[in-house]
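Okay, structure first, notes after.
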Amino acid sequence: LASAACFVLALDQLTKWIVRQKLGLQTEEYVVLDGFFRFVHWGNTGAAWSQLRDNNKLLAVFSSSAIFALWYFRRHFEYQRRAGQLALGLLFGGILGNLSDRLVHHHVVDFLRFYWITRTGQEVGFPAFNIADSAICTAVGILILLSWSASPTQPSAASKAAKGE
């Protein structure tokens with residue numbers, strides 16, 4: 001758990017540092033694949049898809065609370081399994097990466113931008129995101145898969161009756 005969290009946090013902060021050094025905030029971009037992918041430097045004071053924009057302090061409090069709650073309730077998240085530890089590590093690292101941005105820069109640095117150009121020339125795309133966001137989404141996906149694959153420790157009365165027990 002700690003290794004995954006530290007790796008995500010370090011990679012997230014390193015990539016954001018590079019973006020801050022190379023691209024001006026909101027003003028510059030680097031096209032990697034024209035019409036599909038580019039690096040940008042966008043500041044997000046909101047949550048996913050800029051929801052709750054300009055509520056950076058509230059979101060920092062929420063992130064801090066989430067860290068403490070997840071740590072306290074970690075045993076409920078398949079913590080004993082390796083995949084559960086990895087998922088929680090990704091989650092902690094991602095939340096800490098974005099939280100540190102909120103505290104230091106007063107916004108989250110987003111820089112990965114996928115998009116396409118329509119026939120009419122209009123750009124349509126996915127909101128910019130970062131390594132921390134990717135880690136959080138991956139962690140949630142792993143935790144959902146683990147919850148679906150978890151076998152109950154005690155068979156229910158209904159399943160016993162169905163088996164004729």
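Simple scheme: letters A, B, ... for chains in structure tokens order, numbers from 1 for residues in each chain, numbers from 1 for ligands in the order shown.
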
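The shell of residues at most 7 Å from A:Asp110, with only C-alpha atoms counted and near chain neighbours (fewer than 5 positions) removed, consists of His41, Trp42, Gly43, Asn44, Ala128, Phe129 and Asn130 of chain A.
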
Under the rule of at most 12 Å, produce a per-residue listing of stretch 96-123 of chain A near stretch 62-79 of chain A: chain, number, name, the closest pair of atoms, and the distance in Å, as CSV, using only C-alpha atoms.
residue,atom,partner,partner_atom,distance
A:Leu96,CA,A:Ser63,CA,7.9
A:Gly97,CA,A:Ser63,CA,10.3
A:Asn98,CA,A:Ser63,CA,8.5
A:Leu99,CA,A:Ser63,CA,6.4
A:Ser100,CA,A:Ser63,CA,10.0
A:Asp101,CA,A:Ser63,CA,11.5
A:Arg102,CA,A:Ser63,CA,9.7
A:Leu103,CA,A:Ser64,CA,10.8

Assign secondary structure with DSSP using the backbone only, and return the residues of stretch 7-103 of chain A in strand (DSSP E) as a ChimeraX atom specification.
/A:29-33,37-44

Could you name the residues that touch stretch 18-24 of chain A at 12 Å or less, counting only C-alpha atoms, but leaving out those on the same chain fewer than 4 positions away, as a PyMOL selection string?
chain A and resi 11-14+28-31+38-43+101+105+108-112+130

Using only C-alpha atoms, find the one residue out of A:His106, A:Gly125, A:Phe114, A:Leu88 that sits nearest to A:Asp54.
A:His106
